[in-house]
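Structure below is start.cif: mmCIF, C-alpha atoms.
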data_input
#
loop_
_atom_site.group_PDB
_atom_site.id
_atom_site.type_symbol
_atom_site.label_atom_id
_atom_site.label_comp_id
_atom_site.auth_asym_id
_atom_site.auth_seq_id
_atom_site.Cartn_x
_atom_site.Cartn_y
_atom_site.Cartn_z
ATOM 1 C CA MET A 65 25.416 -7.716 -64.349
ATOM 2 C CA ILE A 66 25.381 -4.093 -65.439
ATOM 3 C CA THR A 67 22.112 -3.639 -63.560
ATOM 4 C CA GLU A 68 23.830 -4.660 -60.359
ATOM 5 C CA TYR A 69 26.724 -2.256 -60.835
ATOM 6 C CA LEU A 70 24.283 0.507 -61.686
ATOM 7 C CA PHE A 71 22.326 -0.269 -58.529
ATOM 8 C CA TYR A 72 25.457 -0.068 -56.370
ATOM 9 C CA PHE A 73 26.602 3.129 -58.042
ATOM 10 C CA LEU A 74 23.205 4.849 -57.725
ATOM 11 C CA SER A 75 22.797 3.719 -54.117
ATOM 12 C CA PHE A 76 26.253 4.978 -53.210
ATOM 13 C CA VAL A 77 25.713 8.348 -54.871
ATOM 14 C CA SER A 78 22.295 8.869 -53.308
ATOM 15 C CA LEU A 79 23.501 7.915 -49.815
ATOM 16 C CA PHE A 80 26.477 10.250 -50.300
ATOM 17 C CA GLY A 81 24.125 13.058 -51.308
ATOM 18 C CA ALA A 82 21.833 12.376 -48.356
ATOM 19 C CA VAL A 83 24.734 12.484 -45.899
ATOM 20 C CA LYS A 84 26.090 15.645 -47.476
ATOM 21 C CA VAL A 85 22.658 17.287 -47.080
ATOM 22 C CA LEU A 86 23.152 16.967 -43.334
ATOM 23 C CA LEU A 87 26.858 17.766 -43.249
ATOM 24 C CA SER A 88 26.992 20.866 -45.425
ATOM 25 C CA LYS A 89 26.786 24.122 -43.537
ATOM 26 C CA LYS A 90 25.135 26.305 -46.150
ATOM 27 C CA PRO A 91 21.468 25.632 -47.000
ATOM 28 C CA VAL A 92 22.116 26.158 -50.724
ATOM 29 C CA HIS A 93 24.645 23.308 -50.733
ATOM 30 C CA SER A 94 22.133 21.121 -48.919
ATOM 31 C CA VAL A 95 19.533 21.856 -51.590
ATOM 32 C CA LEU A 96 21.974 21.018 -54.392
ATOM 33 C CA TYR A 97 23.025 17.740 -52.776
ATOM 34 C CA LEU A 98 19.354 16.892 -52.283
ATOM 35 C CA THR A 99 18.847 17.462 -56.014
ATOM 36 C CA LEU A 100 21.648 14.972 -56.683
ATOM 37 C CA THR A 101 19.898 12.440 -54.446
ATOM 38 C CA PHE A 102 16.616 12.998 -56.262
ATOM 39 C CA PHE A 103 18.207 12.401 -59.660
ATOM 40 C CA THR A 104 19.739 9.136 -58.488
ATOM 41 C CA MET A 105 16.337 8.117 -57.128
ATOM 42 C CA ALA A 106 14.956 8.669 -60.631
ATOM 43 C CA GLY A 107 17.688 6.306 -61.851
ATOM 44 C CA HIS A 108 16.511 3.748 -59.334
ATOM 45 C CA TYR A 109 12.969 4.065 -60.661
ATOM 46 C CA ILE A 110 14.221 3.407 -64.183
ATOM 47 C CA LEU A 111 16.114 0.349 -62.936
ATOM 48 C CA LEU A 112 12.839 -0.921 -61.493
ATOM 49 C CA ASN A 113 11.070 -0.414 -64.832
ATOM 50 C CA ALA A 114 8.897 2.363 -63.437
ATOM 51 C CA GLN A 115 9.490 4.822 -66.243
ATOM 52 C CA PHE A 116 6.417 6.945 -65.648
ATOM 53 C CA LEU A 117 7.323 7.421 -61.984
ATOM 54 C CA ALA A 118 10.895 8.321 -62.935
ATOM 55 C CA VAL A 119 9.724 11.096 -65.239
ATOM 56 C CA VAL A 120 7.134 12.366 -62.751
ATOM 57 C CA HIS A 121 9.769 12.251 -60.009
ATOM 58 C CA ILE A 122 12.167 14.432 -61.985
ATOM 59 C CA ILE A 123 9.414 16.878 -62.947
ATOM 60 C CA VAL A 124 7.914 17.171 -59.460
ATOM 61 C CA TYR A 125 10.993 16.969 -57.249
ATOM 62 C CA ALA A 126 13.826 18.414 -59.309
ATOM 63 C CA GLY A 127 11.560 20.741 -61.234
ATOM 64 C CA ALA A 128 9.133 22.048 -58.658
ATOM 65 C CA ILE A 129 10.142 21.255 -55.100
ATOM 66 C CA MET A 130 13.830 22.028 -55.479
ATOM 67 C CA VAL A 131 13.075 25.299 -57.249
ATOM 68 C CA LEU A 132 10.743 26.185 -54.386
ATOM 69 C CA PHE A 133 13.489 25.432 -51.854
ATOM 70 C CA LEU A 134 16.050 27.444 -53.784
ATOM 71 C CA PHE A 135 13.655 30.374 -54.116
ATOM 72 C CA THR A 136 13.019 30.354 -50.384
ATOM 73 C CA VAL A 137 16.724 30.191 -49.559
ATOM 74 C CA MET A 138 17.639 32.949 -51.957
ATOM 75 C CA LEU A 139 14.681 35.291 -51.507
ATOM 76 C CA LEU A 140 14.893 35.228 -47.725
ATOM 77 C CA ASN A 141 18.694 35.392 -47.875
ATOM 78 C CA LEU A 142 18.991 32.413 -45.557
ATOM 79 C CA ASN A 143 22.347 31.267 -46.839
ATOM 80 C CA ILE A 144 24.182 31.985 -43.611
ATOM 81 C CA GLU A 145 26.428 29.333 -42.174
ATOM 82 C CA GLY A 146 27.176 28.525 -38.577
ATOM 83 C CA GLU A 147 24.091 30.279 -37.308
ATOM 84 C CA PHE A 148 22.512 27.311 -35.590
ATOM 85 C CA PRO A 149 24.838 25.654 -33.103
ATOM 86 C CA LYS A 150 23.559 22.548 -31.424
ATOM 87 C CA SER A 151 25.361 20.871 -28.580
ATOM 88 C CA ALA A 152 27.630 17.974 -29.511
ATOM 89 C CA TRP A 153 25.862 15.831 -26.932
ATOM 90 C CA MET A 154 22.529 16.210 -28.741
ATOM 91 C CA LYS A 155 24.179 15.386 -32.060
ATOM 92 C CA ILE A 156 25.703 12.195 -30.690
ATOM 93 C CA ILE A 157 22.388 11.104 -29.175
ATOM 94 C CA ALA A 158 20.532 11.810 -32.423
ATOM 95 C CA THR A 159 23.062 9.898 -34.513
ATOM 96 C CA VAL A 160 22.961 6.912 -32.166
ATOM 97 C CA THR A 161 19.167 6.983 -32.335
ATOM 98 C CA GLY A 162 19.274 6.980 -36.124
ATOM 99 C CA CYS A 163 21.721 4.077 -36.192
ATOM 100 C CA LEU A 164 19.517 2.133 -33.781
ATOM 101 C CA LEU A 165 16.497 2.757 -36.005
ATOM 102 C CA PHE A 166 18.476 1.506 -39.000
ATOM 103 C CA LEU A 167 19.550 -1.620 -37.114
ATOM 104 C CA THR A 168 15.951 -2.270 -36.033
ATOM 105 C CA LEU A 169 14.701 -1.985 -39.597
ATOM 106 C CA ILE A 170 17.442 -4.302 -40.868
ATOM 107 C CA GLY A 171 16.958 -6.724 -37.991
ATOM 108 C CA SER A 172 13.275 -7.088 -38.759
ATOM 109 C CA LEU A 173 14.291 -8.483 -42.162
ATOM 110 C CA LYS A 174 15.473 -11.708 -40.606
ATOM 111 C CA THR A 175 12.072 -12.813 -39.375
ATOM 112 C CA PHE A 176 10.290 -13.083 -42.676
ATOM 113 C CA GLU A 177 10.832 -14.547 -46.090
ATOM 114 C CA LEU A 178 10.528 -12.366 -49.134
ATOM 115 C CA GLU A 179 9.340 -14.075 -52.238
ATOM 116 C CA MET A 180 9.704 -12.511 -55.626
ATOM 117 C CA ILE A 181 6.784 -13.209 -57.877
ATOM 118 C CA ASN A 182 7.920 -11.216 -60.802
ATOM 119 C CA ASN A 183 11.160 -10.302 -62.486
ATOM 120 C CA PRO A 184 11.192 -6.502 -62.442
ATOM 121 C CA ASN A 185 13.268 -6.405 -65.611
ATOM 122 C CA LEU A 186 10.338 -7.873 -67.506
ATOM 123 C CA SER A 187 7.481 -6.068 -65.790
ATOM 124 C CA GLN A 188 5.346 -3.719 -67.821
ATOM 125 C CA ILE A 189 3.312 -2.154 -65.034
ATOM 126 C CA GLY A 190 5.420 1.009 -64.916
ATOM 127 C CA LEU A 191 4.224 2.209 -68.292
ATOM 128 C CA VAL A 192 1.733 5.034 -68.586
ATOM 129 C CA LYS A 193 -0.914 2.819 -70.164
ATOM 130 C CA ASN A 194 -1.101 0.304 -67.342
ATOM 131 C CA LEU A 195 -0.753 2.867 -64.563
ATOM 132 C CA GLY A 196 -3.418 5.060 -66.129
ATOM 133 C CA LYS A 197 -5.832 2.156 -66.306
ATOM 134 C CA THR A 198 -5.339 1.422 -62.618
ATOM 135 C CA LEU A 199 -5.460 5.079 -61.627
ATOM 136 C CA TYR A 200 -8.679 5.902 -63.451
ATOM 137 C CA LYS A 201 -10.429 2.632 -62.690
ATOM 138 C CA ASP A 202 -9.629 1.694 -59.105
ATOM 139 C CA TYR A 203 -8.325 4.944 -57.660
ATOM 140 C CA LEU A 204 -10.537 7.526 -59.277
ATOM 141 C CA LEU A 205 -11.925 8.982 -56.041
ATOM 142 C CA PRO A 206 -8.494 9.474 -54.389
ATOM 143 C CA PHE A 207 -7.307 11.055 -57.627
ATOM 144 C CA GLU A 208 -10.116 13.605 -57.557
ATOM 145 C CA LEU A 209 -9.597 14.187 -53.836
ATOM 146 C CA SER A 210 -5.921 14.901 -54.462
ATOM 147 C CA SER A 211 -6.936 17.667 -56.849
ATOM 148 C CA LEU A 212 -9.002 19.153 -53.993
ATOM 149 C CA LEU A 213 -5.964 18.838 -51.742
ATOM 150 C CA PHE A 214 -3.878 20.719 -54.282
ATOM 151 C CA LEU A 215 -6.472 23.469 -54.554
ATOM 152 C CA SER A 216 -6.637 23.917 -50.795
ATOM 153 C CA ALA A 217 -2.829 23.831 -50.540
ATOM 154 C CA MET A 218 -2.571 26.510 -53.200
ATOM 155 C CA VAL A 219 -5.136 28.727 -51.467
ATOM 156 C CA GLY A 220 -3.421 28.156 -48.127
ATOM 157 C CA ALA A 221 0.026 29.004 -49.491
ATOM 158 C CA VAL A 222 -1.254 32.194 -51.069
ATOM 159 C CA MET A 223 -3.085 33.145 -47.868
ATOM 160 C CA LEU A 224 0.015 32.544 -45.746
ATOM 161 C CA GLY A 225 2.366 34.272 -48.129
ATOM 162 C CA LYS A 226 0.217 37.382 -48.417
ATOM 163 C CA ASN A 227 1.544 40.360 -46.534
ATOM 164 C CA GLU A 228 -1.510 41.566 -44.645
ATOM 165 C CA LYS A 229 0.048 44.813 -43.452
ATOM 166 C CA GLN A 230 -0.435 46.704 -46.697
ATOM 167 C CA MET B 264 16.586 -22.694 -67.064
ATOM 168 C CA GLU B 265 15.971 -19.351 -68.641
ATOM 169 C CA GLY B 266 13.850 -18.341 -65.656
ATOM 170 C CA THR B 267 16.609 -19.148 -63.175
ATOM 171 C CA ILE B 268 19.151 -17.148 -65.157
ATOM 172 C CA ALA B 269 16.799 -14.202 -65.274
ATOM 173 C CA GLN B 270 16.188 -14.652 -61.554
ATOM 174 C CA LEU B 271 19.903 -14.635 -60.788
ATOM 175 C CA GLN B 272 20.547 -11.361 -62.549
ATOM 176 C CA VAL B 273 17.836 -9.569 -60.607
ATOM 177 C CA ILE B 274 18.853 -7.406 -57.665
ATOM 178 C CA PRO B 275 17.450 -8.998 -54.498
ATOM 179 C CA LEU B 276 14.587 -7.176 -52.849
ATOM 180 C CA ASN B 277 16.570 -7.161 -49.610
ATOM 181 C CA TYR B 278 19.070 -4.740 -51.092
ATOM 182 C CA TYR B 279 16.320 -2.257 -51.759
ATOM 183 C CA ILE B 280 15.013 -2.638 -48.219
ATOM 184 C CA ILE B 281 18.471 -2.058 -46.739
ATOM 185 C CA PHE B 282 19.109 0.939 -48.965
ATOM 186 C CA CYS B 283 15.737 2.502 -48.170
ATOM 187 C CA ALA B 284 16.196 1.857 -44.450
ATOM 188 C CA ALA B 285 19.560 3.642 -44.592
ATOM 189 C CA LEU B 286 18.044 6.591 -46.430
ATOM 190 C CA PHE B 287 15.158 6.757 -43.961
ATOM 191 C CA ALA B 288 17.560 6.637 -41.003
ATOM 192 C CA ILE B 289 19.590 9.493 -42.510
ATOM 193 C CA GLY B 290 16.372 11.493 -42.791
ATOM 194 C CA VAL B 291 15.476 10.786 -39.161
ATOM 195 C CA VAL B 292 18.962 11.848 -38.022
ATOM 196 C CA GLY B 293 18.559 15.032 -40.039
ATOM 197 C CA VAL B 294 15.265 15.888 -38.351
ATOM 198 C CA LEU B 295 16.794 15.231 -34.926
ATOM 199 C CA VAL B 296 20.148 16.951 -35.451
ATOM 200 C CA LYS B 297 19.358 20.053 -37.450
ATOM 201 C CA ARG B 298 17.923 23.286 -36.101
ATOM 202 C CA ASN B 299 17.539 24.989 -39.448
ATOM 203 C CA ALA B 300 13.885 24.496 -40.388
ATOM 204 C CA LEU B 301 14.729 24.395 -44.098
ATOM 205 C CA VAL B 302 17.105 21.449 -43.673
ATOM 206 C CA ILE B 303 14.491 19.694 -41.551
ATOM 207 C CA PHE B 304 12.081 19.990 -44.470
ATOM 208 C CA MET B 305 14.729 18.480 -46.731
ATOM 209 C CA SER B 306 15.175 15.555 -44.337
ATOM 210 C CA VAL B 307 11.427 14.953 -44.397
ATOM 211 C CA GLU B 308 11.650 14.870 -48.193
ATOM 212 C CA LEU B 309 14.412 12.269 -47.923
ATOM 213 C CA MET B 310 12.214 10.063 -45.742
ATOM 214 C CA LEU B 311 9.271 10.399 -48.136
ATOM 215 C CA ASN B 312 11.575 9.462 -50.998
ATOM 216 C CA SER B 313 12.841 6.339 -49.307
ATOM 217 C CA ALA B 314 9.257 5.223 -48.664
ATOM 218 C CA ASN B 315 8.449 5.953 -52.315
ATOM 219 C CA LEU B 316 11.336 3.875 -53.605
ATOM 220 C CA LEU B 317 10.430 0.952 -51.380
ATOM 221 C CA LEU B 318 6.793 1.055 -52.528
ATOM 222 C CA THR B 319 7.958 1.066 -56.131
ATOM 223 C CA ALA B 320 10.331 -1.824 -55.528
ATOM 224 C CA PHE B 321 7.627 -3.948 -53.927
ATOM 225 C CA SER B 322 5.147 -3.110 -56.665
ATOM 226 C CA ALA B 323 7.664 -4.029 -59.371
ATOM 227 C CA TYR B 324 8.656 -7.290 -57.706
ATOM 228 C CA ARG B 325 5.073 -8.343 -56.979
ATOM 229 C CA ASN B 326 3.635 -7.139 -60.281
ATOM 230 C CA ASP B 327 1.032 -4.941 -58.611
ATOM 231 C CA PRO B 328 0.471 -1.467 -60.100
ATOM 232 C CA ALA B 329 -1.274 -0.215 -56.935
ATOM 233 C CA GLY B 330 2.076 0.444 -55.263
ATOM 234 C CA GLN B 331 3.135 2.823 -58.000
ATOM 235 C CA ILE B 332 -0.213 4.622 -57.755
ATOM 236 C CA PHE B 333 0.448 5.104 -54.040
ATOM 237 C CA VAL B 334 3.820 6.609 -54.899
ATOM 238 C CA PHE B 335 2.038 8.992 -57.222
ATOM 239 C CA PHE B 336 -0.273 10.097 -54.399
ATOM 240 C CA ILE B 337 2.655 10.464 -51.995
ATOM 241 C CA MET B 338 4.304 12.780 -54.502
ATOM 242 C CA VAL B 339 1.099 14.844 -54.633
ATOM 243 C CA VAL B 340 0.993 15.118 -50.859
ATOM 244 C CA ALA B 341 4.721 15.931 -50.686
ATOM 245 C CA ALA B 342 4.338 18.751 -53.190
ATOM 246 C CA ALA B 343 1.407 20.238 -51.246
ATOM 247 C CA GLU B 344 3.309 19.811 -47.978
ATOM 248 C CA VAL B 345 6.368 21.623 -49.292
ATOM 249 C CA ALA B 346 4.280 24.505 -50.634
ATOM 250 C CA ILE B 347 2.463 24.987 -47.319
ATOM 251 C CA GLY B 348 5.591 24.367 -45.248
ATOM 252 C CA LEU B 349 7.693 26.905 -47.082
ATOM 253 C CA ALA B 350 4.852 29.455 -46.887
ATOM 254 C CA LEU B 351 4.766 28.883 -43.111
ATOM 255 C CA LEU B 352 8.549 29.258 -43.032
ATOM 256 C CA VAL B 353 8.286 32.621 -44.788
ATOM 257 C CA VAL B 354 5.672 33.776 -42.262
ATOM 258 C CA VAL B 355 7.855 32.620 -39.354
ATOM 259 C CA TYR B 356 10.863 34.366 -40.835
ATOM 260 C CA ARG B 357 8.897 37.577 -41.199
ATOM 261 C CA SER B 358 7.844 37.614 -37.564
ATOM 262 C CA THR B 359 11.021 36.315 -35.888
ATOM 263 C CA LYS B 360 13.759 37.146 -38.445
ATOM 264 C CA THR B 361 15.197 33.638 -38.077
ATOM 265 C CA ILE B 362 14.324 30.069 -39.039
ATOM 266 C CA ASP B 363 15.927 28.508 -35.993
ATOM 267 C CA ILE B 364 13.289 26.131 -34.668
ATOM 268 C CA ASN B 365 14.440 26.606 -31.072
ATOM 269 C CA VAL B 366 13.002 30.121 -31.219
ATOM 270 C CA LEU B 367 9.567 28.639 -31.892
ATOM 271 C CA ASN B 368 8.858 27.359 -28.401
ATOM 272 C CA ARG B 369 5.901 29.545 -27.479
ATOM 273 C CA LEU B 370 3.477 26.612 -27.697
ATOM 274 C CA LYS B 371 5.666 24.454 -25.495
ATOM 275 C CA TRP B 372 3.895 24.922 -22.193
#
Please rewrite the model in this file as structure tokens.
Amino acid sequence: MITEYLFYFLSFVSLFGAVKVLLSKKPVHSVLYLTLTFFTMAGHYILLNAQFLAVVHIIVYAGAIMVLFLFTVMLLNLNIEGEFPKSAWMKIIATVTGCLLFLTLIGSLKTFELEMINNPNLSQIGLVKNLGKTLYKDYLLPFELSSLLFLSAMVGAVMLGKNEKQ
Amino acid sequence: MEGTIAQLQVIPLNYYIIFCAALFAIGVVGVLVKRNALVIFMSVELMLNSANLLLTAFSAYRNDPAGQIFVFFIMVVAAAEVAIGLALLVVVYRSTKTIDINVLNRLKW
């Protein structure tokens, strides 16, 4: 019972945060509301018994990505509101498009049956031990390739961020 | 009997699908509505997050750890994407003094 209430509460808060990301005028407020959404997503992971993912999510998103966003906003002094007007017509069309996409995704639910094999409250696959076994046994090559991706991303970010005029 | 009680207390998988679809739609609206490149990046993050949560939900309900490994890889790619994207944003800001994406239409034609 408490799981259900927690699910509703977390879903409400994260949808609220996601909407506020779009509605707030200042980029800093958007970043902070996005952080709220990310924390509630971590709560969702814990509800699904994916503890390892919850911890990694907080470390990567709230710890690294949000700090990167905040640094960019503050270092470039981008916190100016009302700088980017877009016509109301475009906004209405975009919102209608988003609602239609949502309806399509929900409507596609009706055509198939979802069967639940496992009770997520009892599942143990979210623990580090089981995930590590799968990661290092079946997905070893993608894991190594992702380290290459990180290296190239780091080199690329440094190359782009370098001021070549000096 | 015990199994049915445990089954009843579980949140249906449909709820997760509806919630993730809503979050994804909000992200799509953000990409379409906003002109600030930074907020567009944030909307992309929202969409990635909704996909992550849905993968986790399916992996938990079907007892398959592969889904959670995929989420792990998506997080890796998202981190790399944000690093590169924000570096590009800094370069764009240096050359145009704005991050309005409507200024960046030189490759349009």
Please work out which residues fall within 12 Å of (-3.6, 23.9, -51.9), coordinates as given in the file, with all atoms listed in the file counting, and return them as a ChimeraX atom specification. /A:209-224 /B:339-348,350
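Rounded to one decimal, atom CA of Leu139 of chain A and atom CA of Arg298 of chain B lie 19.8 Å from each other.
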Could you produce a table of the residues of chain A lying within 7 Å of chain B, with the nearest pair of atoms per residue and their separation in Å rounded to one decimal, using only C-alpha atoms, ordered by chain and increasing residue number, as a Markdown table?
| residue | atom | partner | partner_atom | distance |
| --- | --- | --- | --- | --- |
| A:Met65 | CA | B:Gln272 | CA | 6.3 |
| A:Glu68 | CA | B:Ile274 | CA | 6.3 |
| A:Ser75 | CA | B:Phe282 | CA | 6.9 |
| A:Leu79 | CA | B:Leu286 | CA | 6.6 |
| A:Ala82 | CA | B:Ile289 | CA | 6.9 |
| A:Val83 | CA | B:Ile289 | CA | 6.8 |
| A:Leu86 | CA | B:Gly293 | CA | 6.0 |
| A:Pro91 | CA | B:Val302 | CA | 6.9 |
| A:Leu112 | CA | B:Ala323 | CA | 6.4 |
| A:Ile129 | CA | B:Ala342 | CA | 6.6 |
| A:Phe148 | CA | B:Arg298 | CA | 6.1 |
| A:Lys155 | CA | B:Val296 | CA | 5.5 |
| A:Ala158 | CA | B:Leu295 | CA | 5.7 |
| A:Thr159 | CA | B:Val292 | CA | 5.7 |
| A:Gly162 | CA | B:Ala288 | CA | 5.2 |
| A:Cys163 | CA | B:Ala288 | CA | 6.9 |
| A:Leu165 | CA | B:Ala288 | CA | 6.4 |
| A:Phe166 | CA | B:Ala288 | CA | 5.6 |
| A:Leu169 | CA | B:Ala284 | CA | 6.4 |
| A:Ile170 | CA | B:Ile281 | CA | 6.4 |
| A:Met180 | CA | B:Tyr324 | CA | 5.7 |
| A:Ile181 | CA | B:Arg325 | CA | 5.2 |
| A:Asn182 | CA | B:Tyr324 | CA | 5.1 |
| A:Asn183 | CA | B:Tyr324 | CA | 6.2 |
| A:Pro184 | CA | B:Ala323 | CA | 5.3 |
| A:Ser187 | CA | B:Ala323 | CA | 6.7 |
| A:Ile189 | CA | B:Pro328 | CA | 5.7 |
| A:Leu195 | CA | B:Pro328 | CA | 6.3 |
| A:Thr198 | CA | B:Pro328 | CA | 7.0 |
| A:Leu199 | CA | B:Ile332 | CA | 6.5 |
| A:Phe214 | CA | B:Ala343 | CA | 6.1 |
| A:Ala217 | CA | B:Ala343 | CA | 5.6 |
| A:Gly220 | CA | B:Ile347 | CA | 6.7 |
| A:Ala221 | CA | B:Ile347 | CA | 5.2 |
| A:Leu224 | CA | B:Ala350 | CA | 5.9 |
| A:Gly225 | CA | B:Ala350 | CA | 5.6 |
With C-alpha atoms retained, write the just-selected residues as a PDB file, keeping the file's coordinate frame.
ATOM      1  CA  MET A  65      25.416  -7.716 -64.349  1.00  0.00           C
ATOM      2  CA  GLU A  68      23.830  -4.660 -60.359  1.00  0.00           C
ATOM      3  CA  SER A  75      22.797   3.719 -54.117  1.00  0.00           C
ATOM      4  CA  LEU A  79      23.501   7.915 -49.815  1.00  0.00           C
ATOM      5  CA  ALA A  82      21.833  12.376 -48.356  1.00  0.00           C
ATOM      6  CA  VAL A  83      24.734  12.484 -45.899  1.00  0.00           C
ATOM      7  CA  LEU A  86      23.152  16.967 -43.334  1.00  0.00           C
ATOM      8  CA  PRO A  91      21.468  25.632 -47.000  1.00  0.00           C
ATOM      9  CA  LEU A 112      12.839  -0.921 -61.493  1.00  0.00           C
ATOM     10  CA  ILE A 129      10.142  21.255 -55.100  1.00  0.00           C
ATOM     11  CA  PHE A 148      22.512  27.311 -35.590  1.00  0.00           C
ATOM     12  CA  LYS A 155      24.179  15.386 -32.060  1.00  0.00           C
ATOM     13  CA  ALA A 158      20.532  11.810 -32.423  1.00  0.00           C
ATOM     14  CA  THR A 159      23.062   9.898 -34.513  1.00  0.00           C
ATOM     15  CA  GLY A 162      19.274   6.980 -36.124  1.00  0.00           C
ATOM     16  CA  CYS A 163      21.721   4.077 -36.192  1.00  0.00           C
ATOM     17  CA  LEU A 165      16.497   2.757 -36.005  1.00  0.00           C
ATOM     18  CA  PHE A 166      18.476   1.506 -39.000  1.00  0.00           C
ATOM     19  CA  LEU A 169      14.701  -1.985 -39.597  1.00  0.00           C
ATOM     20  CA  ILE A 170      17.442  -4.302 -40.868  1.00  0.00           C
ATOM     21  CA  MET A 180       9.704 -12.511 -55.626  1.00  0.00           C
ATOM     22  CA  ILE A 181       6.784 -13.209 -57.877  1.00  0.00           C
ATOM     23  CA  ASN A 182       7.920 -11.216 -60.802  1.00  0.00           C
ATOM     24  CA  ASN A 183      11.160 -10.302 -62.486  1.00  0.00           C
ATOM     25  CA  PRO A 184      11.192  -6.502 -62.442  1.00  0.00           C
ATOM     26  CA  SER A 187       7.481  -6.068 -65.790  1.00  0.00           C
ATOM     27  CA  ILE A 189       3.312  -2.154 -65.034  1.00  0.00           C
ATOM     28  CA  LEU A 195      -0.753   2.867 -64.563  1.00  0.00           C
ATOM     29  CA  THR A 198      -5.339   1.422 -62.618  1.00  0.00           C
ATOM     30  CA  LEU A 199      -5.460   5.079 -61.627  1.00  0.00           C
ATOM     31  CA  PHE A 214      -3.878  20.719 -54.282  1.00  0.00           C
ATOM     32  CA  ALA A 217      -2.829  23.831 -50.540  1.00  0.00           C
ATOM     33  CA  GLY A 220      -3.421  28.156 -48.127  1.00  0.00           C
ATOM     34  CA  ALA A 221       0.026  29.004 -49.491  1.00  0.00           C
ATOM     35  CA  LEU A 224       0.015  32.544 -45.746  1.00  0.00           C
ATOM     36  CA  GLY A 225       2.366  34.272 -48.129  1.00  0.00           C
TER      37      GLY A 225
END
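Atom pair atom CA of Phe176 of chain A / atom CA of Gly330 of chain B: separated by 20.2 Å.
Going from atom CA of Val85 of chain A over to atom CA of Ser172 of chain A, you cover 27.4 Å.
Of the listed residues A:Asn141, A:Thr161, A:Asn227, A:Ala114, the one whose atoms come nearest to Leu318 of chain B is A:Ala114, with distances taken using only C-alpha atoms.
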What's around Ala106 of chain A at 8 Å? Count only C-alpha atoms, leave out sequence neighbours fewer than 3 positions away in its own chain, and write the answer as a ChimeraX atom specification. /A:102-103,109-110,117-119,121-122
